[in-house]
$ cat run-v3.txt   # compact mmCIF, C-alpha atoms
# COMPACT_ATOMS: atom_id res chain seq x y z
CA MET P 1345 -7.97 -35.70 -17.63
CA LYS P 1346 -10.14 -35.52 -20.74
CA PHE P 1347 -8.24 -35.19 -24.00
CA ASN P 1348 -9.41 -32.20 -26.06
CA ILE P 1349 -8.73 -32.96 -29.72
CA LYS P 1350 -9.77 -29.47 -30.88
CA LYS P 1351 -7.39 -27.74 -28.43
CA TYR P 1352 -4.56 -30.09 -29.41
CA ALA P 1353 -5.13 -29.44 -33.12
CA PHE P 1354 -5.10 -25.70 -32.54
CA LEU P 1355 -1.84 -25.77 -30.57
CA LEU P 1356 -0.24 -28.02 -33.19
CA SER P 1357 -1.23 -25.62 -35.98
CA VAL P 1358 0.29 -22.68 -34.06
CA ILE P 1359 3.57 -24.56 -33.56
CA ILE P 1360 3.72 -25.47 -37.26
CA LEU P 1361 3.03 -21.85 -38.24
CA ILE P 1362 5.75 -20.46 -35.96
CA THR P 1363 8.25 -23.06 -37.13
CA SER P 1364 7.41 -22.35 -40.75
CA CYS P 1365 7.92 -18.60 -40.24
CA ASN P 1366 11.31 -19.17 -38.60
CA LEU P 1367 12.43 -21.48 -41.37
CA ASN P 1368 11.34 -19.08 -44.10
CA SER P 1369 12.56 -15.86 -42.44
CA GLY P 1370 15.88 -16.01 -44.26
CA LYS P 1371 14.40 -16.60 -47.70
CA LYS P 1372 14.65 -13.80 -50.24
CA ILE P 1373 11.41 -11.90 -50.68
CA LYS P 1374 10.50 -12.06 -54.37
CA ASN P 1375 8.46 -8.87 -54.74
CA LEU P 1376 10.80 -6.46 -52.98
CA SER P 1377 11.20 -2.96 -54.36
CA PRO P 1378 14.08 -2.82 -56.90
CA ASN P 1379 16.08 -0.53 -54.59
CA ALA P 1380 15.37 -2.49 -51.39
CA HIS P 1381 17.99 -4.49 -49.52
CA GLN P 1382 17.18 -7.60 -47.50
CA ILE P 1383 19.83 -8.10 -44.83
CA VAL P 1384 20.62 -10.24 -41.79
CA ALA P 1385 22.10 -8.68 -38.65
CA GLU P 1386 25.36 -10.42 -37.78
CA GLU P 1387 26.85 -8.10 -35.14
CA ILE P 1388 25.35 -5.17 -33.23
CA ILE P 1389 27.08 -2.26 -31.47
CA GLN P 1390 24.98 0.22 -29.48
CA THR P 1391 26.07 3.80 -28.76
CA SER P 1392 24.26 6.81 -27.32
CA LYS P 1393 22.97 8.02 -30.71
CA TYR P 1394 23.48 5.21 -33.20
CA THR P 1395 23.13 1.49 -33.59
CA TYR P 1396 25.91 0.03 -35.73
CA VAL P 1397 25.09 -3.26 -37.41
CA LEU P 1398 27.32 -5.60 -39.37
CA VAL P 1399 24.94 -7.11 -41.91
CA SER P 1400 25.12 -9.79 -44.55
CA GLU P 1401 23.39 -9.51 -47.91
CA ASP P 1402 23.69 -12.28 -50.47
CA ASP P 1403 27.41 -13.09 -50.44
CA ARG P 1404 28.83 -9.92 -48.88
CA GLY P 1405 28.99 -8.23 -45.50
CA TYR P 1406 29.03 -4.51 -44.66
CA TRP P 1407 28.32 -2.08 -41.86
CA ILE P 1408 25.28 0.15 -41.54
CA ALA P 1409 24.41 2.83 -38.99
CA ILE P 1410 20.87 3.71 -37.93
CA SER P 1411 19.30 5.91 -35.27
CA LYS P 1412 19.47 4.05 -31.97
CA ALA P 1413 17.11 1.08 -32.11
CA ASP P 1414 16.63 -2.46 -30.83
CA VAL P 1415 18.07 -4.92 -33.32
CA ILE P 1416 18.14 -8.69 -32.90
CA GLU P 1417 21.20 -10.69 -33.90
CA GLU P 1418 20.43 -13.00 -36.85
CA GLY P 1419 17.21 -11.07 -37.46
CA THR P 1420 16.14 -10.24 -41.01
CA TYR P 1421 15.72 -6.55 -41.87
CA PHE P 1422 15.25 -4.26 -44.87
CA TRP P 1423 16.36 -0.84 -46.08
CA SER P 1424 16.26 1.19 -49.29
CA VAL P 1425 17.47 4.75 -48.53
CA GLY P 1426 21.01 5.35 -47.32
CA SER P 1427 24.33 6.97 -48.08
CA GLU P 1428 27.80 5.48 -47.95
CA MET P 1429 30.55 7.20 -46.02
CA ASN P 1430 34.18 6.16 -46.41
CA ASN P 1431 36.66 6.22 -43.53
CA PHE P 1432 34.00 7.36 -41.07
CA THR P 1433 35.31 7.69 -37.50
CA SER P 1434 33.02 7.19 -34.53
CA ASN P 1435 34.55 9.21 -31.72
CA GLU P 1436 32.38 7.42 -29.18
CA LEU P 1437 33.62 4.01 -30.32
CA GLY P 1438 37.14 5.17 -31.12
CA ARG P 1439 36.84 3.24 -34.34
CA THR P 1440 37.09 4.05 -38.04
CA PHE P 1441 34.87 2.22 -40.51
CA PRO P 1442 36.47 2.00 -43.99
CA SER P 1443 32.92 1.95 -45.41
CA ILE P 1444 29.55 2.35 -43.71
CA PHE P 1445 26.01 3.12 -44.89
CA PHE P 1446 23.90 5.58 -42.91
CA VAL P 1447 20.43 4.16 -43.43
CA GLN P 1448 17.23 6.21 -43.25
CA ASP P 1449 14.46 3.61 -43.49
CA PHE P 1450 15.69 0.56 -41.57
CA THR P 1451 12.74 -1.76 -40.88
CA ASP P 1452 11.81 -5.33 -40.04
CA GLN P 1453 9.02 -5.22 -42.62
CA PRO P 1454 9.65 -6.00 -46.33
CA ILE P 1455 9.80 -2.91 -48.56
CA LEU P 1456 7.61 -4.14 -51.35
CA GLU P 1457 7.45 -2.91 -54.93
CA GLY P 1458 5.03 -0.01 -55.25
CA SER P 1459 4.91 0.73 -51.51
CA GLU P 1460 5.33 4.25 -50.14
CA SER P 1461 8.67 3.32 -48.60
CA SER P 1462 10.06 2.35 -52.00
CA THR P 1463 9.52 5.78 -53.53
CA LEU P 1464 11.06 9.14 -52.63
CA THR P 1465 8.57 11.93 -53.15
CA MET P 1466 10.04 15.37 -52.71
CA GLY P 1467 7.45 17.40 -54.57
CA THR P 1468 5.23 17.48 -51.49
CA LYS P 1469 6.03 18.88 -48.09
CA PRO P 1470 7.87 16.17 -46.10
CA GLN P 1471 6.06 14.78 -43.08
CA LEU P 1472 8.77 15.47 -40.53
CA ARG P 1473 8.14 15.72 -36.84
CA GLU P 1474 9.59 18.49 -34.72
CA GLN P 1475 12.51 17.27 -32.64
CA GLU P 1476 11.78 18.02 -29.00
CA GLY P 1477 14.34 19.32 -26.55
CA LEU P 1478 16.71 20.81 -29.12
CA ASP P 1479 18.65 23.81 -27.88
CA ILE P 1480 21.43 24.20 -30.41
CA PRO P 1481 23.49 27.39 -30.18
CA ARG P 1482 23.63 29.57 -33.27
CA ALA P 1483 26.74 29.48 -35.41
CA GLU P 1484 29.22 32.29 -34.88
CA GLY P 1485 28.08 35.06 -37.20
CA GLY P 1486 25.07 32.97 -38.18
CA ILE P 1487 21.29 33.01 -37.82
CA THR P 1488 18.62 30.64 -36.53
CA ILE P 1489 15.95 28.82 -38.50
CA ALA P 1490 13.28 30.95 -36.82
CA GLU P 1491 15.00 34.18 -37.91
CA LEU P 1492 15.29 32.94 -41.48
CA PHE P 1493 11.63 31.94 -41.75
CA ALA P 1494 10.46 35.14 -40.02
CA ASP P 1495 11.77 37.35 -42.84
CA PRO P 1496 12.95 35.22 -45.78
CA ALA P 1497 12.78 38.08 -48.31
CA SER P 1498 15.50 39.99 -46.45
CA PHE P 1499 17.88 37.03 -46.86
CA GLN P 1500 17.08 36.29 -50.52
CA GLY P 1501 20.33 35.70 -52.45
CA LYS P 1502 22.48 36.14 -49.35
CA THR P 1503 24.95 33.67 -47.90
CA VAL P 1504 24.12 32.66 -44.34
CA LYS P 1505 25.36 30.21 -41.72
CA ILE P 1506 23.01 28.01 -39.74
CA ASN P 1507 23.86 25.50 -37.03
CA GLY P 1508 21.50 22.58 -36.45
CA MET P 1509 20.89 18.86 -36.20
CA VAL P 1510 20.45 16.75 -39.33
CA VAL P 1511 17.05 15.02 -39.05
CA LYS P 1512 16.85 13.61 -42.58
CA PHE P 1513 19.32 12.97 -45.39
CA LEU P 1514 18.37 12.05 -48.97
CA PRO P 1515 21.36 11.35 -51.21
CA GLU P 1516 21.90 11.92 -54.93
CA ILE P 1517 18.57 13.33 -56.05
CA MET P 1518 18.87 15.71 -59.01
CA ASP P 1519 22.68 15.60 -58.67
CA ARG P 1520 22.67 16.86 -55.09
CA ASN P 1521 22.07 15.69 -51.54
CA TRP P 1522 19.05 16.96 -49.61
CA VAL P 1523 19.29 17.68 -45.88
CA HIS P 1524 16.60 18.61 -43.37
CA LEU P 1525 17.95 20.67 -40.47
CA GLN P 1526 16.40 21.69 -37.15
CA ASP P 1527 17.86 23.82 -34.36
CA GLY P 1528 15.07 23.98 -31.78
CA THR P 1529 13.72 27.34 -33.01
CA LYS P 1530 10.69 27.96 -35.20
CA ASP P 1531 8.55 30.66 -36.75
CA GLY P 1532 4.93 29.56 -36.54
CA GLU P 1533 4.86 26.01 -37.90
CA ASN P 1534 8.19 26.40 -39.72
CA PHE P 1535 10.83 24.50 -37.77
CA ASP P 1536 12.59 22.49 -40.51
CA LEU P 1537 14.97 23.91 -43.13
CA THR P 1538 15.68 22.11 -46.41
CA ILE P 1539 19.28 22.33 -47.64
CA THR P 1540 20.97 21.13 -50.83
CA THR P 1541 24.62 20.18 -50.61
CA LYS P 1542 27.33 17.94 -52.00
CA ALA P 1543 28.36 16.98 -48.46
CA ILE P 1544 27.42 13.68 -46.86
CA VAL P 1545 26.20 14.15 -43.30
CA PRO P 1546 24.80 11.49 -40.97
CA VAL P 1547 21.40 11.88 -39.33
CA GLY P 1548 21.72 12.99 -35.71
CA GLU P 1549 24.87 15.03 -36.18
CA VAL P 1550 25.00 18.73 -35.31
CA VAL P 1551 26.44 20.56 -38.32
CA THR P 1552 27.03 24.15 -39.38
CA PHE P 1553 26.01 24.83 -42.99
CA GLU P 1554 26.82 27.88 -45.06
CA GLY P 1555 24.81 28.42 -48.22
CA VAL P 1556 22.75 30.79 -50.35
CA VAL P 1557 19.13 31.52 -49.46
CA SER P 1558 16.55 31.07 -52.22
CA VAL P 1559 12.89 32.04 -51.92
CA ASP P 1560 10.10 30.43 -53.97
CA LYS P 1561 12.56 28.12 -55.68
CA ASP P 1562 11.09 25.95 -58.43
CA PHE P 1563 13.28 23.07 -59.59
CA GLY P 1564 10.57 21.82 -61.96
CA ALA P 1565 8.73 18.50 -61.90
CA GLY P 1566 6.91 19.56 -58.72
CA TYR P 1567 10.06 20.36 -56.75
CA PHE P 1568 8.99 23.72 -55.30
CA TYR P 1569 10.25 25.25 -52.06
CA HIS P 1570 9.12 28.47 -50.45
CA LEU P 1571 12.48 28.67 -48.69
CA ILE P 1572 15.63 26.65 -49.21
CA LEU P 1573 19.38 26.92 -48.55
CA GLU P 1574 21.28 25.97 -51.71
CA ASP P 1575 24.79 24.73 -52.52
CA ALA P 1576 25.62 24.62 -48.83
CA VAL P 1577 28.99 23.55 -47.49
CA VAL P 1578 29.84 22.24 -44.03
CA LYS P 1579 31.83 24.73 -42.01

$ encode --input "run-v3.txt" --output "structure tokens"
Amino acid sequence: MKFNIKKYAFLLSVIILITSCNLNSGKKIKNLSPNAHQIVAEEIIQTSKYTYVLVSEDDRGYWIAISKADVIEEGTYFWSVGSEMNNFTSNELGRTFPSIFFVQDFTDQPILEGSESSTLTMGTKPQLREQEGLDIPRAEGGITIAELFADPASFQGKTVKINGMVVKFLPEIMDRNWVHLQDGTKDGENFDLTITTKAIVPVGEVVTFEGVVSVDKDFGAGYFYHLILEDAVVK
């Protein structure tokens, strides 16, 4: 068999490249966003809605929870947006976590300084997709998202209850937490309701909120909402 030096050189370069990547995968990325975390997955627990991951970062270990996803043990991952919950109980696992972070932007790609993932922009309409298959019953004595958007002026200044699934959670912005709620109903293209609250709620949970309806609310600095539920509490 004739020896092909070019083919051999190519295969050798591929092997060296793969080996180099594996050796360097655990190294700290230097130009990460200031609020980004580089972590290594140490233990993985899968449930029907969430993936729980025990991660290590520098010299400490802690638990995070993300929407159900494939995670590789000893893989390197990144996140920058999350909220800590203390003494959180997973009914499905029958386990209480003394501390756990519900992470919104878990990724296997570095979150670099200046990237879109490293900055929270709330002055523009969030690019959220409509959750398919939702059929969440209305809260007792409450209304649906479709009903609220159909006639917001009639609810201005009133306290209402809405039951829905948390699809996004942004913590501690302007001294409040920001929740995006969907219930499977919509009025035109309006299917997602923005809520401000002091409560911490994990993404994927079905929650009943009670709060005050505000129309054409301007928080300043580009934070304008045609319709928003403010100072909501979990019922």

$ closest_residue --input "run-v3.txt" --among "P:Glu1533, P:Glu1549, P:Asp1562, P:Asp1414" --to "P:Thr1451" --atoms "only C-alpha atoms"
P:Asp1414

$ axis_aligned_box --input "run-v3.txt" --around "stretch 1483-1495 of chain P" --padding-each-side "8 Å" --output "lines of an AutoDock Vina configuration file"
center_x = 19.8
center_y = 33.1
center_z = -38.9
size_x = 34.8
size_y = 24.5
size_z = 24.0

$ closest_residue --input "run-v3.txt" --among "P:Ser1558, P:Thr1395, P:Gly1532, P:Ser1427" --to "P:Thr1503" --atoms "only C-alpha atoms"
P:Ser1558

$ closest_residue --input "run-v3.txt" --among "P:Phe1568, P:Tyr1396, P:Phe1432, P:Phe1446" --to "P:Thr1538" --atoms "all atoms listed in the file"
P:Phe1568

$ residues_around --input "run-v3.txt" --residues "P:Thr1540" --least-positions-apart "3" --cutoff "7 Å" --atoms "all atoms listed in the file" --output "CSV table (one decimal) with C-alpha atoms, in the coordinates of the input"
chain,number,residue,atom,x,y,z
P,1520,ARG,CA,22.7,16.9,-55.1
P,1521,ASN,CA,22.1,15.7,-51.5
P,1522,TRP,CA,19.0,17.0,-49.6
P,1523,VAL,CA,19.3,17.7,-45.9
P,1573,LEU,CA,19.4,26.9,-48.6
P,1574,GLU,CA,21.3,26.0,-51.7
P,1575,ASP,CA,24.8,24.7,-52.5
P,1576,ALA,CA,25.6,24.6,-48.8

$ closest_residue --input "run-v3.txt" --among "P:Asp1495, P:Asp1519, P:Asp1452, P:Asp1527" --to "P:Arg1482" --atoms "all atoms listed in the file"
P:Asp1527

$ atom_distance --input "run-v3.txt" --atom1 "atom CA of P:Phe1445" --atom2 "atom CA of P:Gly1426"
6.0 Å

$ closest_atom_pairs --input "run-v3.txt" --of "stretch 1549-1577 of chain P" --to "stretch 1498-1502 of chain P" --cutoff "8 Å" --atoms "all atoms listed in the file" --output "CSV"
residue,atom,partner,partner_atom,distance
P:Val1556,CA,P:Lys1502,CA,5.4
P:Val1557,CA,P:Gly1501,CA,5.3
P:Ser1558,CA,P:Gln1500,CA,5.5
P:Val1559,CA,P:Gln1500,CA,6.1

$ closest_residue --input "run-v3.txt" --among "P:Ile1572, P:Val1510, P:Lys1505, P:Leu1537" --to "P:Val1550" --atoms "only C-alpha atoms"
P:Val1510

$ closest_residue --input "run-v3.txt" --among "P:Ser1424, P:Ser1434, P:Thr1391, P:Gln1453" --to "P:Ile1373" --atoms "all atoms listed in the file"
P:Gln1453

$ residues_around --input "run-v3.txt" --residues "P:Phe1441" --least-positions-apart "5" --cutoff "12 Å" --atoms "all atoms listed in the file" --output "PyMOL selection string"
chain P and resi 1396-1398+1406-1409+1428-1435+1446

$ residues_around --input "run-v3.txt" --residues "P:Lys1412" --least-positions-apart "2" --cutoff "7 Å" --atoms "only C-alpha atoms" --output "PyMOL selection string"
chain P and resi 1393-1395+1410

$ atom_distance --input "run-v3.txt" --atom1 "atom CA of P:Glu1474" --atom2 "atom CA of P:Ala1543"
23.3 Å

$ residues_around --input "run-v3.txt" --residues "stretch 1416-1421 of chain P" --least-positions-apart "3" --cutoff "6 Å" --atoms "only C-alpha atoms" --output "PyMOL selection string"
chain P and resi 1382-1386+1451-1452

$ atom_distance --input "run-v3.txt" --atom1 "atom CA of P:Gly1528" --atom2 "atom CA of P:Asp1479"
5.3 Å

$ decode --input "run-v3.txt" --residues "stretch 1511-1552 of chain P" --atoms "N, CA and C atoms" --output "compact mmCIF listing (two decimals), in the first residue's frame"
# COMPACT_ATOMS: atom_id res chain seq x y z
N VAL P 1511 -42.24 32.24 31.60
CA VAL P 1511 -41.39 31.89 30.45
C VAL P 1511 -40.06 32.63 30.48
N LYS P 1512 -39.97 33.67 31.32
CA LYS P 1512 -38.71 34.40 31.46
C LYS P 1512 -38.70 35.11 32.79
N PHE P 1513 -37.52 35.14 33.42
CA PHE P 1513 -37.38 35.79 34.73
C PHE P 1513 -36.07 36.58 34.73
N LEU P 1514 -36.18 37.88 34.98
CA LEU P 1514 -35.01 38.77 35.04
C LEU P 1514 -34.95 39.39 36.43
N PRO P 1515 -33.96 39.05 37.22
CA PRO P 1515 -33.93 39.50 38.61
C PRO P 1515 -33.26 40.86 38.80
N GLU P 1516 -33.75 41.58 39.79
CA GLU P 1516 -33.08 42.76 40.36
C GLU P 1516 -32.68 43.79 39.32
N ILE P 1517 -33.64 44.21 38.51
CA ILE P 1517 -33.44 45.32 37.59
C ILE P 1517 -34.35 46.45 38.04
N MET P 1518 -33.75 47.61 38.33
CA MET P 1518 -34.50 48.75 38.85
C MET P 1518 -35.24 48.39 40.14
N ASP P 1519 -34.56 47.63 41.00
CA ASP P 1519 -35.08 47.26 42.33
C ASP P 1519 -36.33 46.39 42.26
N ARG P 1520 -36.48 45.64 41.21
CA ARG P 1520 -37.61 44.72 41.11
C ARG P 1520 -37.24 43.57 40.17
N ASN P 1521 -38.02 42.50 40.27
CA ASN P 1521 -37.85 41.37 39.36
C ASN P 1521 -38.88 41.48 38.24
N TRP P 1522 -38.47 41.04 37.05
CA TRP P 1522 -39.32 41.15 35.86
C TRP P 1522 -39.67 39.75 35.38
N VAL P 1523 -40.97 39.50 35.22
CA VAL P 1523 -41.47 38.19 34.83
C VAL P 1523 -42.24 38.31 33.52
N HIS P 1524 -42.07 37.33 32.65
CA HIS P 1524 -42.91 37.23 31.45
C HIS P 1524 -43.80 36.00 31.61
N LEU P 1525 -45.10 36.22 31.47
CA LEU P 1525 -46.10 35.19 31.74
C LEU P 1525 -46.93 34.91 30.48
N GLN P 1526 -47.21 33.64 30.25
CA GLN P 1526 -48.10 33.23 29.16
C GLN P 1526 -49.09 32.20 29.68
N ASP P 1527 -50.31 32.23 29.14
CA ASP P 1527 -51.34 31.28 29.59
C ASP P 1527 -51.99 30.50 28.46
N GLY P 1528 -51.49 30.68 27.23
CA GLY P 1528 -52.09 29.98 26.10
C GLY P 1528 -53.15 30.78 25.38
N THR P 1529 -53.50 31.98 25.90
CA THR P 1529 -54.46 32.84 25.22
C THR P 1529 -53.73 34.05 24.64
N LYS P 1530 -54.35 34.70 23.67
CA LYS P 1530 -53.74 35.90 23.10
C LYS P 1530 -54.79 36.76 22.42
N ASP P 1531 -54.46 38.04 22.31
CA ASP P 1531 -55.28 39.00 21.58
C ASP P 1531 -54.43 39.53 20.44
N GLY P 1532 -54.71 39.10 19.22
CA GLY P 1532 -53.84 39.45 18.10
C GLY P 1532 -52.47 38.82 18.29
N GLU P 1533 -51.43 39.65 18.29
CA GLU P 1533 -50.08 39.16 18.52
C GLU P 1533 -49.64 39.29 19.96
N ASN P 1534 -50.52 39.68 20.85
CA ASN P 1534 -50.20 39.88 22.26
C ASN P 1534 -50.50 38.60 23.04
N PHE P 1535 -49.46 37.88 23.38
CA PHE P 1535 -49.61 36.62 24.11
C PHE P 1535 -48.77 36.57 25.37
N ASP P 1536 -47.93 37.60 25.59
CA ASP P 1536 -46.97 37.60 26.69
C ASP P 1536 -47.19 38.83 27.56
N LEU P 1537 -47.34 38.61 28.86
CA LEU P 1537 -47.58 39.71 29.80
C LEU P 1537 -46.35 39.95 30.66
N THR P 1538 -45.90 41.20 30.73
CA THR P 1538 -44.77 41.57 31.58
C THR P 1538 -45.29 41.93 32.97
N ILE P 1539 -44.60 41.44 33.99
CA ILE P 1539 -45.01 41.63 35.38
C ILE P 1539 -43.79 42.06 36.19
N THR P 1540 -43.97 43.02 37.09
CA THR P 1540 -42.92 43.35 38.05
C THR P 1540 -43.33 42.82 39.42
N THR P 1541 -42.37 42.31 40.16
CA THR P 1541 -42.67 41.66 41.42
C THR P 1541 -41.41 41.60 42.28
N LYS P 1542 -41.59 41.38 43.55
CA LYS P 1542 -40.47 41.11 44.46
C LYS P 1542 -40.25 39.61 44.61
N ALA P 1543 -41.21 38.82 44.11
CA ALA P 1543 -41.13 37.36 44.25
C ALA P 1543 -40.08 36.79 43.32
N ILE P 1544 -39.54 35.65 43.69
CA ILE P 1544 -38.62 34.90 42.84
C ILE P 1544 -39.35 33.66 42.37
N VAL P 1545 -39.50 33.53 41.06
CA VAL P 1545 -40.26 32.42 40.50
C VAL P 1545 -39.44 31.74 39.41
N PRO P 1546 -39.36 30.43 39.41
CA PRO P 1546 -38.55 29.73 38.41
C PRO P 1546 -39.26 29.64 37.07
N VAL P 1547 -38.50 29.69 36.00
CA VAL P 1547 -39.05 29.51 34.66
C VAL P 1547 -39.66 28.11 34.54
N GLY P 1548 -40.83 28.04 33.92
CA GLY P 1548 -41.51 26.77 33.74
C GLY P 1548 -42.59 26.50 34.75
N GLU P 1549 -42.62 27.26 35.84
CA GLU P 1549 -43.64 27.07 36.86
C GLU P 1549 -44.93 27.79 36.48
N VAL P 1550 -46.06 27.19 36.84
CA VAL P 1550 -47.37 27.82 36.67
C VAL P 1550 -47.70 28.56 37.96
N VAL P 1551 -47.93 29.87 37.85
CA VAL P 1551 -48.07 30.73 39.02
C VAL P 1551 -49.28 31.65 38.83
N THR P 1552 -49.94 31.96 39.94
CA THR P 1552 -51.01 32.96 39.92
C THR P 1552 -50.47 34.26 40.51
